[in-house]
Amino acid sequence: MCTQSRAAALMANVPRVDIDPAGVFKYVLIRVHSTEEGDDAEIDVVRGYGWAEFHADIYDKVSEELEKGGHLDCECIGGGRISHDPQAKKIHVYGYSIGFGRANHAVTTEKLKAQYPGYEVTWDNEGY
């Protein structure tokens, strides 16, 4: 008999990527994991929005939403910037967060490629 934890069920419904439809904006890479004893399920999610003045603004909003109910816990594992050009079908990931450090842009890029098939998705560690 296979049973799925409440946290794993919740994580299955969390979008892996949620970014603004166009523009240049800050993003964070967030590790979401179960708070349940003996459950080591975890996922990484990308969130990027132009409304955020600071990377922490994104993390605070997203973690508050995901942690409601007490089954999930969040940890910011870095940040950077995303340039999203939907007309050219290009996304570029770069830079870092002063507060959270540089996200692993290779992980972010793979998640973006899965969400945006047909896009050219690139990254580098240059810029702020």
# chains A, B, ... in the order shown; residues from 1 in each chain; ligands from 1

call {"tool": "residues_around", "arguments": {"residues": "Asp57 in chain A", "least_positions_apart": "4", "cutoff": "12 Å", "atoms": "only C-alpha atoms", "output": "PDB file with C-alpha atoms, in the first residue's frame"}}
result
ATOM      1  CA  LYS A  26      14.369  39.925  -9.318  1.00  0.00           C
ATOM      2  CA  TYR A  27      13.845  36.227  -8.659  1.00  0.00           C
ATOM      3  CA  VAL A  28      14.441  33.751  -5.844  1.00  0.00           C
ATOM      4  CA  ARG A  47       9.511  32.916  -8.296  1.00  0.00           C
ATOM      5  CA  GLY A  48      10.243  36.224 -10.018  1.00  0.00           C
ATOM      6  CA  TYR A  49       8.243  39.459 -10.056  1.00  0.00           C
ATOM      7  CA  GLY A  50       8.728  43.053 -11.117  1.00  0.00           C
ATOM      8  CA  TRP A  51       6.805  44.434  -8.139  1.00  0.00           C
ATOM      9  CA  ALA A  52       9.526  43.343  -5.695  1.00  0.00           C
ATOM     10  CA  GLU A  53      11.929  45.994  -4.499  1.00  0.00           C
ATOM     11  CA  LYS A  61       5.131  36.560   0.238  1.00  0.00           C
ATOM     12  CA  VAL A  62       5.672  33.102  -1.268  1.00  0.00           C
ATOM     13  CA  SER A  63       6.817  31.420   1.953  1.00  0.00           C
ATOM     14  CA  GLU A  64       3.863  32.860   3.874  1.00  0.00           C
ATOM     15  CA  CYS A  76      15.463  30.647   0.198  1.00  0.00           C
ATOM     16  CA  GLY A  79      18.397  34.815  -5.911  1.00  0.00           C
ATOM     17  CA  SER A  97      20.823  38.597  -4.214  1.00  0.00           C
ATOM     18  CA  GLY A  99      20.560  39.100   1.153  1.00  0.00           C
ATOM     19  CA  PHE A 100      20.337  35.476  -0.031  1.00  0.00           C
TER      20      PHE A 100
END

call {"tool": "select_by_dssp", "arguments": {"residues": "chain A", "states": "helix (DSSP H, G or I)", "output": "number ranges by chain"}}
result
A: 6-12, 55-67, 105-115

call {"tool": "atom_distance", "arguments": {"atom1": "CA of Ala88 in chain A", "atom2": "CA of Gly127 in chain A"}}
result
21.5 Å

call {"tool": "residues_around", "arguments": {"residues": "Asp18 in chain A", "least_positions_apart": "2", "cutoff": "12 Å", "atoms": "only C-alpha atoms", "output": "NGL selection string"}}
result
:A and (14-16 or 20-22 or 27-30 or 44-50 or 58 or 62 or 82 or 108 or 111-112 or 115-116)

call {"tool": "closest_residue", "arguments": {"among": "A:Thr109, A:Ser34, A:Ser83, A:Asn104", "to": "Leu10 in chain A", "atoms": "only C-alpha atoms"}}
result
A:Ser34

call {"tool": "residues_around", "arguments": {"residues": "Glu36 in chain A", "least_positions_apart": "6", "cutoff": "8 Å", "atoms": "only C-alpha atoms", "output": "ChimeraX atom specification"}}
result
/A:5,7,71

call {"tool": "atom_distance", "arguments": {"atom1": "CA of Leu72 in chain A", "atom2": "CA of Met11 in chain A"}}
result
8.1 Å
